[in-house]
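Single-structure report; data block below.
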Amino acid sequence: MKQQTLILLLLLCVNLTFSQEAKVYNFTLQEAINFATDSAYANINAQKDVAIALKRKWETTADGLPQISGQVNYENNPKLTVTPLPAEIVGGEPGTTVPVTFGQRHNMRATGTVNQLIFDGSYIVALQAAKTFLEYSANAKEKTAFEVRKNVITAYGNVLLAKNSIEITQNNLNEALDNLNETRQIYENGLAEEEDVEQLQITSQQLKSQLRNAERMYNIAKESLNMVLGIDVSVEVILEDTLENLAAKEAMLQAETQEFNFENTIDYKIAKNLVEQRDLELKLQKSQALPSLSAFANYGATSFGNQFEFFESGTDWFEFATIGVSLNVPIFSSFKRDAQTQQAKIELEKAKLQRKQTINQIQLNLNAAQSDFDFAVENYTIAQKNLNLAERIQHKNEVKFKEGLASSFELRQAQTQLYQAQNEYLQAMLNLINTKAELEKVKNTPLQSN
């Protein structure tokens, strides 16, 4: 029975391991972006930062609420202090002393204390600062989400680019090998020159090398995408979108004439958070000159004896209680507070200047991103036309070569031109997708394409 149970457990473990290894994800680009929202490492850490900010806000709030503490002190006096007293006290001879021992060997004291802050200017500022820090963490989380979104788009596009490169290179290689074999047969029959064969051999060897490199780049691109998505690099991810479809959608989306408000961007909000933080730091320094008032109350009991009998029934405990208030009034700090206040003022001025710089930087980034996107659309259209022309030229030269009307060198030139046009077309599609993503990141509002 034990052996059967052990076998079943082993089979279950093997099945679970196989299930985990066989897990496959299928993503469109939008599905990959949605998946990364919850699984990307950067997004997860940003969410944790917001959670920390929430806890810090409560930590600050708790400083103004009642604080209760308890304390138990125990003292053991193996050697009690001996004090000489005049002997007359016990009827002794005047002018002499007698040794007297005060205290008990065992002492225990239990105290409970309640403290309540009544007024403290720095506490009010701290509450405001905690709220500002929470807003900053939320804005930083949103900024991270846009960065992750752009990284997913870039990584997704790189995988598609590498995949298309493999397919195109493989097709070119197959065609080059067919031409090489056909030309070699013609050469062996004495109807072609040896240079024709050698030219096609060069082309085939270069294509084989490019194919091997494209396969390596494809594997690296897939692992990079998994890293951005927060998935183990060994997990298989199947991409549902194609580079052509994505580029075609983005090419249809020309520059929109929607109103842009820089105050809605994350960079501006973060710069604004910094100004608010510096302003609160200035208020904090000013609040240091205000008095603070707090109340306290404690209650306790003490007991003592020559034997450790504090937890036995009948032990005498003597109670005590205290209620009071504490007022702390800053009077003179040798101008230390004034120096700190002036520093805070300068930091606030720097933050305001940085906010102004951020506004200009946002506008500059927007203009650059819009220009790059417009150029990418134009370049994509041109690359598409150039590819069509290069395919026609290569096909014509291939026909002429087979008919003996064109040399192998002319065919190789046409093939090289075609391969270059294919690579430029792939890069144009990827650049179009990436520049669109950058434009969306600058605007902090993903544009919707149909």
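The chains in the structure tokens are called A, B, ... from first to last as shown; in each chain the residues are counted from 1, and the ligands are counted from 1 in the order shown.
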Check stretch 229-397 of chain A with DSSP on the backbone and list each residue it calls helix (DSSP H, G or I), as a PyMOL selection string.
chain A and resi 229+243-252+262-264+266-287+336-397
With DSSP run on the backbone, what are the strand (DSSP E or B) residues within stretch 7-127 of chain A? I'd like them as a PyMOL selection string.
chain A and resi 24-27+67-76+82-86+97-101+106-119
For stretch 108-111 of chain A, find every residue with an atom within 9 Å (counting only C-alpha atoms), except residues of its own chain fewer than 4 positions away, and show them as a VMD selection string.
chain A and resid 69 to 76 298 to 304 310 320
Check the smallest atom-to-atom distance from each of A:Glu424, A:Glu175, A:Asp338, A:Asp232 to A:Ala40 using only C-alpha atoms, then report the winner.
A:Asp232
Looking at only C-alpha atoms, which of A:Val114, A:Met429, A:Ala36, A:Val100 is the one that sits closest to A:Ala383?
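Selected residue with least distance to A:Ala383: A:Met429.
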Excluding same-chain residues fewer than 4 positions from A:Gln307, what lies within 10 Å of it counting only C-alpha atoms, as an NGL selection string?
:A and (104-107)
For stretch 189-265 of chain A against stretch 144-150 of chain A, with a cut-off of 12 Å and counting only C-alpha atoms, what is the closest atom pair and its distance in Å to one decimal for every residue that makes the cut, ordered by chain and number, as a Markdown table?
```
| residue | atom | partner | partner_atom | distance |
| --- | --- | --- | --- | --- |
| A:Leu225 | CA | A:Val148 | CA | 11.1 |
| A:Met227 | CA | A:Val148 | CA | 11.0 |
| A:Val228 | CA | A:Val148 | CA | 7.3 |
| A:Leu229 | CA | A:Val148 | CA | 8.6 |
| A:Gly230 | CA | A:Val148 | CA | 10.6 |
| A:Thr265 | CA | A:Phe146 | CA | 10.9 |
```
Have a look at atom CA of A:Tyr25 and atom CA of A:Ile220 and let me know their distance in Å, one decimal.
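Going from atom CA of A:Tyr25 over to atom CA of A:Ile220, I get 17.4 Å.
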Please measure the separation of atom CA of A:Leu160 and atom CA of A:Ala251, giving the value in Å to one decimal.
17.2 Å
For a quick check of understanding, using only C-alpha atoms, which of A:Asn367, A:Gln384, A:Gln210, A:Thr96 has the smallest distance to A:Ile168?
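Ranked by minimum distance to A:Ile168, first place goes to A:Gln210.
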Which residue gives the smallest distance to A:Tyr380 among A:Glu244, A:Glu236, A:Glu215, A:Glu198, with only C-alpha atoms counted?
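Between A:Glu244, A:Glu236, A:Glu215, A:Glu198, the residue approaching A:Tyr380 most closely is A:Glu244.
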